>>> print(open('protein09.cif').read())   # mmCIF, C-alpha atoms
data_structure
#
loop_
_atom_site.label_atom_id
_atom_site.label_comp_id
_atom_site.auth_asym_id
_atom_site.auth_seq_id
_atom_site.Cartn_x
_atom_site.Cartn_y
_atom_site.Cartn_z
CA MET A 24 -17.87 63.66 -18.80
CA GLY A 25 -21.49 63.80 -19.98
CA ASP A 26 -21.88 60.00 -20.20
CA ALA A 27 -22.28 59.35 -16.49
CA PRO A 28 -25.34 57.09 -15.98
CA GLU A 29 -28.24 58.64 -14.12
CA ARG A 30 -28.74 57.06 -10.71
CA PRO A 31 -32.19 55.42 -10.26
CA SER A 32 -34.39 56.89 -7.56
CA THR A 33 -34.75 55.17 -4.19
CA ARG A 34 -38.40 54.39 -5.00
CA VAL A 35 -37.44 52.68 -8.26
CA LEU A 36 -34.71 50.71 -6.49
CA ALA A 37 -37.15 49.64 -3.76
CA SER A 38 -39.67 48.47 -6.38
CA LEU A 39 -36.96 46.62 -8.29
CA GLY A 40 -35.81 45.03 -5.05
CA GLN A 41 -39.30 43.83 -4.20
CA ARG A 42 -39.78 42.28 -7.65
CA ALA A 43 -36.35 40.65 -7.51
CA GLY A 44 -37.18 39.27 -4.08
CA GLU A 45 -40.39 37.69 -5.40
CA VAL A 46 -38.54 36.14 -8.34
CA ALA A 47 -35.83 34.86 -5.97
CA HIS A 48 -38.51 33.25 -3.80
CA ASP A 49 -40.14 31.44 -6.74
CA PHE A 50 -36.79 30.42 -8.16
CA ASP A 51 -35.69 29.04 -4.81
CA ASN A 52 -38.86 26.96 -4.53
CA SER A 53 -38.09 25.39 -7.91
CA LEU A 54 -34.51 24.72 -6.86
CA THR A 55 -35.71 23.05 -3.68
CA ALA A 56 -37.88 20.70 -5.75
CA ILE A 57 -34.98 19.94 -8.11
CA ALA A 58 -32.63 19.22 -5.20
CA ALA A 59 -35.25 17.07 -3.44
CA HIS A 60 -35.76 14.90 -6.53
CA ALA A 61 -32.01 14.59 -7.09
CA THR A 62 -31.65 13.47 -3.46
CA LEU A 63 -34.36 10.85 -3.99
CA ILE A 64 -32.57 9.60 -7.11
CA ARG A 65 -29.30 9.42 -5.16
CA GLY A 66 -30.93 7.30 -2.49
CA ALA A 67 -32.77 5.01 -4.92
CA THR A 68 -29.87 3.72 -6.99
CA ASP A 69 -26.43 2.18 -6.70
CA ASP A 70 -25.61 2.78 -10.36
CA PRO A 71 -22.37 4.85 -10.23
CA GLU A 72 -23.20 6.74 -13.41
CA VAL A 73 -26.67 7.72 -12.21
CA LEU A 74 -25.22 8.66 -8.82
CA GLU A 75 -22.67 10.93 -10.46
CA HIS A 76 -25.41 12.68 -12.46
CA ALA A 77 -27.55 13.05 -9.33
CA ARG A 78 -24.58 14.57 -7.50
CA ALA A 79 -23.97 16.96 -10.39
CA ILE A 80 -27.62 18.08 -10.23
CA LEU A 81 -27.30 18.62 -6.47
CA ARG A 82 -24.10 20.62 -6.88
CA ALA A 83 -25.69 22.78 -9.59
CA ALA A 84 -28.82 23.31 -7.49
CA ARG A 85 -26.67 24.26 -4.50
CA THR A 86 -24.71 26.77 -6.56
CA ALA A 87 -27.90 28.27 -7.99
CA SER A 88 -29.38 28.43 -4.51
CA GLN A 89 -26.29 30.30 -3.30
CA VAL A 90 -26.78 32.83 -6.09
CA VAL A 91 -30.39 33.31 -5.00
CA GLU A 92 -29.26 33.72 -1.40
CA ARG A 93 -26.74 36.35 -2.48
CA VAL A 94 -29.42 38.31 -4.31
CA ARG A 95 -31.60 38.08 -1.23
CA ALA A 96 -28.72 39.15 1.01
CA MET A 97 -28.18 42.28 -1.08
CA LEU A 98 -31.87 43.07 -0.96
CA ARG A 99 -31.86 42.70 2.81
CA GLY A 100 -29.87 45.95 3.09
CA GLY A 101 -32.59 47.78 4.94
CA GLU A 102 -33.36 45.03 7.42
CA LYS A 103 -32.24 45.18 11.01
CA HIS A 104 -29.47 42.70 11.74
CA GLU A 105 -28.53 41.24 15.08
CA ARG A 106 -25.00 42.25 15.98
CA VAL A 107 -22.71 40.34 18.32
CA GLN A 108 -19.04 40.56 19.23
CA VAL A 109 -16.87 39.01 16.52
CA ASP A 110 -13.24 38.12 17.24
CA VAL A 111 -11.38 39.31 14.15
CA GLU A 112 -8.43 36.92 14.62
CA ALA A 113 -10.71 33.88 14.95
CA LEU A 114 -12.72 35.01 11.94
CA ALA A 115 -9.57 35.29 9.81
CA ASP A 116 -8.32 31.90 11.06
CA GLU A 117 -11.63 30.26 10.10
CA ALA A 118 -11.57 31.94 6.70
CA ARG A 119 -8.01 30.74 6.08
CA VAL A 120 -9.06 27.11 6.61
CA ALA A 121 -11.87 27.46 4.07
CA VAL A 122 -9.80 29.35 1.50
CA ALA A 123 -6.84 26.96 1.91
CA ALA A 124 -9.05 24.13 0.68
CA ARG A 125 -9.60 25.98 -2.59
CA GLY A 126 -5.90 26.89 -2.66
CA ASP A 127 -4.89 23.23 -2.26
CA LYS A 128 -6.85 22.34 -5.37
CA ARG A 129 -5.11 25.06 -7.36
CA GLY A 130 -1.55 24.85 -6.04
CA VAL A 131 -1.86 28.13 -4.11
CA THR A 132 -0.64 28.45 -0.51
CA VAL A 133 -2.85 30.43 1.86
CA VAL A 134 -1.08 31.94 4.88
CA ARG A 135 -2.17 34.00 7.92
CA ARG A 136 -0.31 37.00 9.32
CA ARG A 137 -1.13 39.01 12.43
CA GLU A 138 0.07 42.60 12.21
CA GLY A 139 -2.35 44.31 14.58
CA HIS A 140 -3.78 44.10 18.08
CA ALA A 141 -6.45 41.56 19.02
CA ALA A 142 -9.72 43.23 18.04
CA THR A 143 -13.43 42.68 18.40
CA VAL A 144 -15.94 44.15 15.96
CA ALA A 145 -19.74 44.18 16.04
CA GLY A 146 -21.43 42.10 13.41
CA ASP A 147 -23.00 38.99 11.99
CA PRO A 148 -20.20 36.36 12.20
CA ALA A 149 -21.52 34.27 9.30
CA GLU A 150 -21.84 37.30 7.01
CA LEU A 151 -18.37 38.60 7.85
CA LEU A 152 -16.90 35.12 7.34
CA GLN A 153 -18.63 34.99 3.97
CA VAL A 154 -16.93 38.27 3.02
CA VAL A 155 -13.41 37.13 3.91
CA VAL A 156 -13.85 33.68 2.34
CA ASN A 157 -15.20 35.29 -0.83
CA LEU A 158 -12.27 37.70 -1.04
CA GLY A 159 -9.88 34.84 -0.30
CA ASN A 160 -11.40 32.63 -3.00
CA ASN A 161 -11.14 35.49 -5.51
CA ALA A 162 -7.48 35.90 -4.53
CA VAL A 163 -6.83 32.18 -5.07
CA ASP A 164 -8.59 32.27 -8.45
CA ALA A 165 -6.45 35.23 -9.50
CA SER A 166 -3.17 33.63 -8.36
CA PRO A 167 -0.73 31.79 -10.59
CA ASP A 168 0.22 28.21 -9.71
CA GLY A 169 2.59 28.05 -6.74
CA ALA A 170 1.80 31.58 -5.55
CA GLU A 171 0.88 32.68 -2.03
CA VAL A 172 -2.28 34.36 -0.76
CA ALA A 173 -2.10 36.08 2.63
CA ILE A 174 -4.98 36.82 5.00
CA VAL A 175 -3.69 39.55 7.29
CA THR A 176 -5.27 41.11 10.37
CA ALA A 177 -4.15 44.66 11.11
CA ASP A 178 -5.14 47.93 12.79
CA THR A 179 -6.65 50.77 10.79
CA LEU A 180 -5.35 54.33 11.12
CA ASP A 181 -8.59 55.44 12.79
CA GLY A 182 -8.39 52.79 15.50
CA GLY A 183 -10.53 50.13 13.85
CA ALA A 184 -9.73 46.62 12.67
CA ALA A 185 -8.73 45.53 9.19
CA ILE A 186 -8.73 42.19 7.42
CA VAL A 187 -6.56 42.31 4.35
CA VAL A 188 -6.39 39.68 1.61
CA GLU A 189 -3.30 39.91 -0.60
CA ASP A 190 -2.68 38.03 -3.82
CA ARG A 191 0.10 38.01 -6.40
CA GLY A 192 -2.06 37.74 -9.47
CA ALA A 193 -2.29 40.02 -12.47
CA GLY A 194 -4.07 42.73 -10.48
CA VAL A 195 -7.23 44.67 -11.30
CA PRO A 196 -6.93 47.33 -14.02
CA ASP A 197 -7.50 50.88 -12.71
CA GLU A 198 -10.59 51.36 -14.87
CA LEU A 199 -12.26 48.26 -13.39
CA ARG A 200 -11.38 48.80 -9.73
CA GLU A 201 -14.80 50.26 -8.91
CA ARG A 202 -16.79 48.47 -11.61
CA VAL A 203 -16.00 45.07 -10.08
CA PHE A 204 -18.28 46.07 -7.17
CA GLU A 205 -21.27 46.54 -9.47
CA PRO A 206 -23.87 43.75 -9.32
CA PHE A 207 -23.60 41.26 -12.20
CA PHE A 208 -20.26 42.63 -13.38
CA THR A 209 -17.71 39.81 -13.57
CA THR A 210 -14.24 39.23 -14.93
CA LYS A 211 -14.66 35.44 -14.67
CA GLY A 212 -16.86 34.96 -17.73
CA SER A 213 -19.38 32.14 -17.34
CA HIS A 214 -17.66 31.02 -14.10
CA GLY A 215 -18.69 34.15 -12.21
CA THR A 216 -22.07 35.50 -11.16
CA GLY A 217 -20.88 39.06 -10.68
CA LEU A 218 -22.48 39.14 -7.26
CA GLY A 219 -19.60 38.20 -4.96
CA LEU A 220 -17.86 41.56 -4.59
CA ALA A 221 -21.12 43.50 -4.75
CA LEU A 222 -22.45 41.46 -1.87
CA CYS A 223 -19.17 41.73 0.06
CA ARG A 224 -19.25 45.52 -0.15
CA ALA A 225 -22.94 45.62 0.79
CA ILE A 226 -22.27 43.47 3.87
CA VAL A 227 -19.22 45.46 4.96
CA GLU A 228 -21.03 48.78 4.54
CA ARG A 229 -23.97 47.43 6.56
CA HIS A 230 -21.41 46.83 9.30
CA GLY A 231 -20.31 50.47 9.16
CA GLY A 232 -17.08 49.59 7.38
CA ALA A 233 -15.46 49.94 3.98
CA LEU A 234 -14.12 47.54 1.36
CA ALA A 235 -11.59 48.61 -1.24
CA LEU A 236 -9.28 46.98 -3.77
CA ASP A 237 -5.80 48.41 -4.30
CA PRO A 238 -2.76 47.35 -6.29
CA ARG A 239 -0.20 45.35 -4.31
CA ARG A 240 3.36 46.62 -4.42
CA GLY A 241 5.26 44.06 -6.49
CA GLY A 242 2.13 42.93 -8.33
CA GLY A 243 -1.26 41.60 -7.42
CA THR A 244 -4.20 42.96 -5.48
CA VAL A 245 -4.86 43.98 -1.88
CA ALA A 246 -8.50 43.67 -0.77
CA ARG A 247 -8.95 45.62 2.45
CA VAL A 248 -11.94 45.31 4.80
CA ALA A 249 -11.96 48.04 7.45
CA LEU A 250 -14.40 47.72 10.34
CA PRO A 251 -15.09 49.82 13.45
CA LEU A 252 -14.42 48.20 16.83
CA ALA A 253 -17.37 46.90 18.87
CA GLY A 254 -18.74 49.16 21.59
CA ASP A 255 -19.31 48.02 25.17
CA ASP A 256 -23.03 47.56 24.51
CA VAL A 257 -22.56 44.79 21.92
CA PRO A 258 -23.51 41.39 23.36
CA ALA A 259 -21.22 38.36 23.26
CA PRO A 260 -22.26 35.64 20.80
CA ARG A 261 -24.56 32.96 22.18
CA HIS A 262 -21.91 30.44 21.27
CA ALA A 263 -18.28 31.01 20.36
CA THR A 264 -18.22 28.75 17.34
CA SER A 265 -21.02 27.01 15.53
CA VAL A 266 -20.91 24.16 13.08
CA ALA A 267 -23.92 25.84 11.51
CA ILE A 268 -21.68 28.32 9.67
CA ARG A 269 -22.62 27.77 6.06
CA GLY A 270 -20.65 27.55 2.89
CA VAL A 271 -17.27 26.45 4.20
CA GLY A 272 -17.66 22.67 4.10
CA LEU A 273 -15.43 22.30 1.03
CA ASP A 274 -18.23 20.33 -0.67
CA ALA A 275 -16.43 17.22 0.59
CA ARG A 276 -18.11 13.80 0.69
CA VAL A 277 -18.19 12.24 4.15
CA LEU A 278 -19.19 8.67 5.04
CA VAL A 279 -20.44 8.24 8.62
CA VAL A 280 -20.44 4.67 9.98
CA ASP A 281 -22.21 4.23 13.32
CA ASP A 282 -24.62 1.57 14.53
CA ASP A 283 -26.59 3.94 16.77
CA ASP A 284 -29.60 5.38 14.90
CA GLY A 285 -29.71 8.67 16.86
CA THR A 286 -25.97 9.31 16.56
CA ARG A 287 -25.94 8.53 12.87
CA GLU A 288 -28.86 10.84 12.10
CA ALA A 289 -27.54 13.66 14.31
CA LEU A 290 -24.16 13.48 12.59
CA ARG A 291 -25.85 13.59 9.20
CA VAL A 292 -27.83 16.71 10.12
CA LEU A 293 -24.84 18.49 11.69
CA LEU A 294 -22.34 17.64 8.97
CA GLU A 295 -24.78 18.64 6.22
CA ALA A 296 -25.32 21.93 8.04
CA ALA A 297 -21.56 22.39 7.98
CA GLY A 298 -21.63 22.02 4.20
CA PHE A 299 -20.60 18.39 3.69
CA ASP A 300 -22.20 15.85 1.34
CA VAL A 301 -23.00 13.10 3.84
CA THR A 302 -23.71 9.38 3.43
CA ILE A 303 -24.55 7.23 6.45
CA ALA A 304 -24.07 3.52 7.07
CA ALA A 305 -25.20 1.40 10.04
CA ASP A 306 -22.99 -1.66 9.61
CA GLY A 307 -19.94 -3.02 7.86
CA THR A 308 -21.70 -4.31 4.75
CA SER A 309 -23.50 -1.05 3.98
CA ALA A 310 -20.34 0.92 4.82
CA VAL A 311 -18.29 -1.02 2.25
CA THR A 312 -21.05 -0.77 -0.36
CA SER A 313 -21.49 2.98 0.19
CA PHE A 314 -17.74 3.49 0.17
CA ALA A 315 -17.25 1.65 -3.12
CA THR A 316 -20.05 3.53 -4.90
CA ARG A 317 -19.73 7.02 -3.39
CA ARG A 318 -15.96 7.24 -2.83
CA PRO A 319 -16.03 9.65 0.13
CA ASP A 320 -13.24 12.15 0.85
CA VAL A 321 -13.32 11.35 4.59
CA VAL A 322 -14.72 8.46 6.67
CA VAL A 323 -15.96 8.87 10.26
CA SER A 324 -16.40 5.51 12.00
CA ASP A 325 -17.24 4.11 15.38
CA LEU A 326 -15.21 1.21 16.77
CA GLU A 327 -18.16 -0.95 17.81
CA LEU A 328 -20.73 -1.51 15.05
CA GLY A 329 -23.18 -3.96 16.57
CA GLU A 330 -22.16 -7.39 15.35
CA ASP A 331 -19.37 -5.92 13.24
CA ASP A 332 -15.91 -4.93 14.37
CA GLY A 333 -15.19 -1.31 13.42
CA GLY A 334 -11.49 -2.07 13.03
CA ALA A 335 -12.21 -4.78 10.48
CA VAL A 336 -14.56 -2.46 8.59
CA ILE A 337 -11.94 0.32 8.54
CA SER A 338 -9.39 -2.20 7.24
CA GLN A 339 -11.75 -3.14 4.41
CA LEU A 340 -12.28 0.50 3.48
CA LEU A 341 -8.53 1.16 3.51
CA ALA A 342 -8.05 -1.90 1.31
CA ILE A 343 -10.30 -0.23 -1.28
CA ASP A 344 -8.56 3.15 -0.97
CA ARG A 345 -5.41 3.19 1.13
CA ALA A 346 -5.20 7.02 1.17
CA VAL A 347 -8.70 7.85 2.40
CA PRO A 348 -8.56 9.76 5.72
CA VAL A 349 -10.40 7.91 8.51
CA VAL A 350 -11.58 9.55 11.73
CA LEU A 351 -12.17 7.05 14.52
CA ALA A 352 -14.85 8.38 16.91
CA SER A 353 -15.24 5.98 19.79
CA GLY A 354 -15.91 5.72 23.50
CA LYS A 355 -13.31 2.95 23.63
CA ASP A 356 -9.56 3.19 23.28
CA ALA A 357 -8.26 1.97 19.93
CA PRO A 358 -6.71 -1.48 20.34
CA VAL A 359 -2.97 -1.20 20.83
CA GLY A 360 -0.92 -2.83 18.09
CA ALA A 361 -3.77 -3.38 15.60
CA PRO A 362 -2.26 -2.68 12.16
CA TRP A 363 -5.18 -0.50 10.99
CA VAL A 364 -4.82 1.89 13.96
CA ALA A 365 -1.57 3.32 12.57
CA ARG A 366 -3.42 4.16 9.34
CA VAL A 367 -6.23 6.09 11.03
CA SER A 368 -5.82 9.84 10.44
CA ALA A 369 -7.44 11.10 13.66
CA ILE A 370 -8.88 9.58 16.83
CA LEU A 371 -11.64 11.46 18.70
CA ARG A 372 -12.92 10.14 22.00
CA LYS A 373 -16.65 10.12 22.61
CA PRO A 374 -18.41 12.25 23.61
CA VAL A 375 -17.07 14.06 20.57
CA SER A 376 -17.22 17.85 20.31
CA PRO A 377 -19.19 18.55 17.09
CA VAL A 378 -17.09 21.65 16.45
CA GLU A 379 -13.86 19.64 16.78
CA LEU A 380 -15.25 16.91 14.53
CA VAL A 381 -16.19 19.42 11.81
CA ALA A 382 -12.78 21.12 12.05
CA THR A 383 -11.02 17.73 11.82
CA ILE A 384 -13.03 16.68 8.76
CA ARG A 385 -12.40 20.03 7.08
CA ARG A 386 -8.67 19.71 7.71
CA LEU A 387 -8.49 16.13 6.44
CA ALA A 388 -10.67 16.85 3.41
CA ALA A 389 -8.41 19.77 2.50
CA GLN A 390 -5.33 17.53 2.87
CA ARG A 391 -7.03 14.85 0.83
CA ARG A 392 -7.80 17.29 -1.99
CA GLY A 393 -4.19 18.47 -1.80
CA ALA A 394 -2.95 14.87 -1.92
CA MET A 395 -5.12 14.13 -4.95
CA ALA A 396 -3.60 17.18 -6.62
CA GLY A 397 -0.14 15.71 -6.00
CA ALA A 398 0.77 17.18 -2.62
CA ASP A 399 1.40 15.38 0.70
CA THR A 400 -0.72 12.45 1.79
CA PRO A 401 -2.84 12.91 4.94
CA ARG A 402 -0.88 12.80 8.15
CA ARG A 403 -1.86 11.31 11.47
CA GLU A 404 -3.07 13.87 13.99
CA SER A 405 -2.88 13.73 17.74
CA PRO A 406 -5.94 12.26 19.43
CA MET B 12 -18.48 -7.09 21.76
CA GLY B 13 -16.98 -6.42 25.20
CA ASP B 14 -16.49 -8.75 28.17
CA PRO B 15 -19.99 -9.27 29.68
CA GLU B 16 -18.48 -9.61 33.16
CA LYS B 17 -16.78 -6.21 33.10
CA PRO B 18 -18.49 -2.84 33.63
CA ASP B 19 -18.80 -1.15 30.23
CA PHE B 20 -18.15 2.52 30.88
CA HIS B 21 -17.27 2.97 27.20
CA ALA B 22 -20.90 2.30 26.37
CA VAL B 23 -21.85 5.14 28.73
CA ARG B 24 -19.53 7.42 26.77
CA GLY B 25 -21.25 6.32 23.57
CA ALA B 26 -24.68 7.25 24.91
CA LEU B 27 -23.40 10.60 26.23
CA ASN B 28 -22.05 11.24 22.75
CA GLY B 29 -25.63 10.97 21.51
CA VAL B 30 -26.73 13.58 24.06
CA VAL B 31 -23.97 16.00 23.01
CA LEU B 32 -24.79 15.62 19.31
CA GLN B 33 -28.53 16.09 19.85
CA LEU B 34 -27.87 19.25 21.88
CA GLU B 35 -25.91 20.59 18.90
CA VAL B 36 -28.81 19.67 16.62
CA ILE B 37 -31.16 21.57 18.94
CA ARG B 38 -28.88 24.61 18.72
CA LEU B 39 -28.86 24.31 14.94
CA ALA B 40 -32.67 23.99 14.89
CA LEU B 41 -33.04 27.08 17.08
CA ASP B 42 -30.70 29.02 14.80
CA LYS B 43 -32.84 27.98 11.82
CA GLY B 44 -36.11 28.55 13.64
CA ASP B 45 -37.10 24.94 12.90
CA ASP B 46 -39.33 23.96 15.83
CA ALA B 47 -40.10 20.46 14.53
CA MET B 48 -36.42 19.66 14.19
CA ALA B 49 -35.77 21.00 17.70
CA ARG B 50 -38.57 18.84 19.15
CA ARG B 51 -37.25 15.70 17.43
CA ALA B 52 -33.74 16.37 18.66
CA LEU B 53 -35.01 17.05 22.18
CA ALA B 54 -36.79 13.68 22.24
CA ALA B 55 -33.67 11.97 20.90
CA ALA B 56 -31.52 13.73 23.53
CA ARG B 57 -33.88 12.48 26.28
CA ASP B 58 -33.64 8.92 24.91
CA ALA B 59 -29.86 9.12 24.75
CA ALA B 60 -29.66 10.49 28.30
CA LYS B 61 -31.93 7.68 29.52
CA THR B 62 -29.74 5.12 27.75
CA ALA B 63 -26.63 6.66 29.35
CA ALA B 64 -28.24 6.41 32.79
CA GLU B 65 -29.22 2.76 32.22
CA ARG B 66 -25.74 1.86 31.02
CA LEU B 67 -24.22 3.67 34.00
CA ASP B 68 -26.49 1.73 36.36
CA ALA B 69 -25.51 -1.55 34.67
CA ALA B 70 -21.81 -0.71 34.90
CA ALA B 71 -22.13 0.37 38.53
CA ALA B 72 -23.95 -2.89 39.39
CA LYS B 73 -21.00 -4.87 38.04
CA VAL B 74 -18.56 -3.08 40.33
CA GLY B 75 -20.90 -3.61 43.27
CA GLU B 76 -22.15 -0.04 43.76
#
>>> encode(input="protein09.cif", output="structure tokens")
Amino acid sequence: MGDAPERPSTRVLASLGQRAGEVAHDFDNSLTAIAAHATLIRGATDDPEVLEHARAILRAARTASQVVERVRAMLRGGEKHERVQVDVEALADEARVAVAARGDKRGVTVVRRREGHAATVAGDPAELLQVVVNLGNNAVDASPDGAEVAIVTADTLDGGAAIVVEDRGAGVPDELRERVFEPFFTTKGSHGTGLGLALCRAIVERHGGALALDPRRGGGTVARVALPLAGDDVPAPRHATSVAIRGVGLDARVLVVDDDDGTREALRVLLEAAGFDVTIAADGTSAVTSFATRRPDVVVSDLELGEDDGGAVISQLLAIDRAVPVVLASGKDAPVGAPWVARVSAILRKPVSPVELVATIRRLAAQRRGAMAGADTPRRESP
Amino acid sequence: MGDPEKPDFHAVRGALNGVVLQLEVIRLALDKGDDAMARRALAAARDAAKTAAERLDAAAAKVGE
């Protein structure tokens, strides 16, 4: 014994937190300026090499900004948070979609199992989603190629709800099982910030729950989030699902082609809020130019594009890249028998539900990433 | 692009799509506490709703209502 570190006093921690918050604020301002200039560069050039560098700057700024946000989130421990009813099954389903995208890139299958009763907990849906996605991403990172990660919903022994993430990786050594929850401790070398698990535990404990890592029988790790059920006094969420949930957009590039200024701009705002890297085009010529230079993961196009025929534009894009998933969003029916219609991945009829559109793009982007990694090509979905 | 003699209800759907999207932007703006964004989206939603009404009137006129 004897070597146990002395715990800093609450006053010292509060002072440290305040300083860290100030630094985070200044750092975030600098990141905002960096991202703004990178965005300007992206919009001012068609040079593919410059565009790629601008995108790399944006990605790095986004990652750094997420680190700042995580620091802030940990420092927010004492703040009062609005709590609403959170459907545990829906939360785990949403997390699976996000984690599966990472799994597709790494040859890891992400499955869902329901082993408990339907449960509702009280909490911040975005924060709880962040926890499960973070645990799921860690599980994918720890998994060998071809392995399976399971996101399981279950009951706890004391009548609460549990979300369990199981992987079949090398497992966490006994001596590190608690250390991995310490801020800035990481087993991922330069690829990790050491904040993910610390933040996850802080969030879960703010929700009155507990987060623990245990060895999985047969090898691997079981991350278990236990949460108390919501009381009768907890209000329902203002909206069941929001495209504003951050951090689960797969970082996919989306090209939106629509001749209506308001629609185009609204889609840009909404899809960026959902985490996508969005490019917009008003007509066929700019759509083809943007497509050739930016190589989007998914295209969303209207059928009528002013003077241009959306079908012809989609055909041109598919001639450049025959495997790119295309979502047709139109108030008109797609013309029967047109050859390009059979190659469209999804057809959504206007008025389009933004939530459905985001879910469709996420699904297609994940399939696309899987296809690029050698898996199945995107399949046509029902309109 | 369509037949000018026929009522274009698809165009009404297109304008209503604008309304739906702007409402979602307003919700996003309220979540973020961004009043300016909410005001812009509200104005755009009004424009889209007006366009939808005009297109509906035009379509109705073609079917004699």
>>> resolve_selection(input="protein09.cif", expression="the PyMOL selection byres ((chain B and resi 28) around 8)", output="ChimeraX atom specification")
/A:286,373-375 /B:24-27,29-32
>>> resolve_selection(input="protein09.cif", expression="the PyMOL selection byres ((chain B) within 12 of (chain A))", output="PDB file with C-alpha atoms, keeping the file's coordinate frame")
ATOM      1  CA  MET B  12     -18.480  -7.090  21.760  1.00  0.00           C
ATOM      2  CA  GLY B  13     -16.980  -6.420  25.200  1.00  0.00           C
ATOM      3  CA  ASP B  19     -18.800  -1.150  30.230  1.00  0.00           C
ATOM      4  CA  PHE B  20     -18.150   2.520  30.880  1.00  0.00           C
ATOM      5  CA  HIS B  21     -17.270   2.970  27.200  1.00  0.00           C
ATOM      6  CA  ALA B  22     -20.900   2.300  26.370  1.00  0.00           C
ATOM      7  CA  VAL B  23     -21.850   5.140  28.730  1.00  0.00           C
ATOM      8  CA  ARG B  24     -19.530   7.420  26.770  1.00  0.00           C
ATOM      9  CA  GLY B  25     -21.250   6.320  23.570  1.00  0.00           C
ATOM     10  CA  ALA B  26     -24.680   7.250  24.910  1.00  0.00           C
ATOM     11  CA  LEU B  27     -23.400  10.600  26.230  1.00  0.00           C
ATOM     12  CA  ASN B  28     -22.050  11.240  22.750  1.00  0.00           C
ATOM     13  CA  GLY B  29     -25.630  10.970  21.510  1.00  0.00           C
ATOM     14  CA  VAL B  30     -26.730  13.580  24.060  1.00  0.00           C
ATOM     15  CA  VAL B  31     -23.970  16.000  23.010  1.00  0.00           C
ATOM     16  CA  LEU B  32     -24.790  15.620  19.310  1.00  0.00           C
ATOM     17  CA  GLN B  33     -28.530  16.090  19.850  1.00  0.00           C
ATOM     18  CA  LEU B  34     -27.870  19.250  21.880  1.00  0.00           C
ATOM     19  CA  GLU B  35     -25.910  20.590  18.900  1.00  0.00           C
ATOM     20  CA  VAL B  36     -28.810  19.670  16.620  1.00  0.00           C
ATOM     21  CA  ILE B  37     -31.160  21.570  18.940  1.00  0.00           C
ATOM     22  CA  ARG B  38     -28.880  24.610  18.720  1.00  0.00           C
ATOM     23  CA  LEU B  39     -28.860  24.310  14.940  1.00  0.00           C
ATOM     24  CA  ALA B  40     -32.670  23.990  14.890  1.00  0.00           C
ATOM     25  CA  LEU B  41     -33.040  27.080  17.080  1.00  0.00           C
ATOM     26  CA  ASP B  42     -30.700  29.020  14.800  1.00  0.00           C
ATOM     27  CA  LYS B  43     -32.840  27.980  11.820  1.00  0.00           C
ATOM     28  CA  MET B  48     -36.420  19.660  14.190  1.00  0.00           C
ATOM     29  CA  ALA B  49     -35.770  21.000  17.700  1.00  0.00           C
ATOM     30  CA  ARG B  51     -37.250  15.700  17.430  1.00  0.00           C
ATOM     31  CA  ALA B  52     -33.740  16.370  18.660  1.00  0.00           C
ATOM     32  CA  LEU B  53     -35.010  17.050  22.180  1.00  0.00           C
ATOM     33  CA  ALA B  54     -36.790  13.680  22.240  1.00  0.00           C
ATOM     34  CA  ALA B  55     -33.670  11.970  20.900  1.00  0.00           C
ATOM     35  CA  ALA B  56     -31.520  13.730  23.530  1.00  0.00           C
ATOM     36  CA  ARG B  57     -33.880  12.480  26.280  1.00  0.00           C
ATOM     37  CA  ASP B  58     -33.640   8.920  24.910  1.00  0.00           C
ATOM     38  CA  ALA B  59     -29.860   9.120  24.750  1.00  0.00           C
ATOM     39  CA  ALA B  60     -29.660  10.490  28.300  1.00  0.00           C
ATOM     40  CA  THR B  62     -29.740   5.120  27.750  1.00  0.00           C
ATOM     41  CA  ALA B  63     -26.630   6.660  29.350  1.00  0.00           C
TER      42      ALA B  63
END
>>> residues_around(input="protein09.cif", residues="A:Asp300", least_positions_apart="5", cutoff="10 Å", atoms="only C-alpha atoms", output="ChimeraX atom specification")
/A:78,81-82,272-278,291,294-295,319-320
>>> write_last_selection(input="protein09.cif", atoms="C-alpha atoms", output="CSV table (one decimal), in the coordinates of the input")
chain,number,residue,atom,x,y,z
A,78,ARG,CA,-24.6,14.6,-7.5
A,81,LEU,CA,-27.3,18.6,-6.5
A,82,ARG,CA,-24.1,20.6,-6.9
A,272,GLY,CA,-17.7,22.7,4.1
A,273,LEU,CA,-15.4,22.3,1.0
A,274,ASP,CA,-18.2,20.3,-0.7
A,275,ALA,CA,-16.4,17.2,0.6
A,276,ARG,CA,-18.1,13.8,0.7
A,277,VAL,CA,-18.2,12.2,4.2
A,278,LEU,CA,-19.2,8.7,5.0
A,291,ARG,CA,-25.8,13.6,9.2
A,294,LEU,CA,-22.3,17.6,9.0
A,295,GLU,CA,-24.8,18.6,6.2
A,319,PRO,CA,-16.0,9.6,0.1
A,320,ASP,CA,-13.2,12.2,0.8
>>> atom_distance(input="protein09.cif", atom1="atom CA of A:Ala357", atom2="atom CA of A:Thr316")
27.5 Å
>>> atom_distance(input="protein09.cif", atom1="atom CA of A:Ala389", atom2="atom CA of A:Gln339")
23.2 Å
>>> atom_distance(input="protein09.cif", atom1="atom CA of A:Gly334", atom2="atom CA of A:Asp69")
25.1 Å
>>> axis_aligned_box(input="protein09.cif", around="stretch 43-50 of chain B", padding_each_side="4 Å", output="JSON")
{"center_x": -36.5, "center_y": 23.7, "center_z": 15.5, "size_x": 15.3, "size_y": 17.7, "size_z": 15.3}
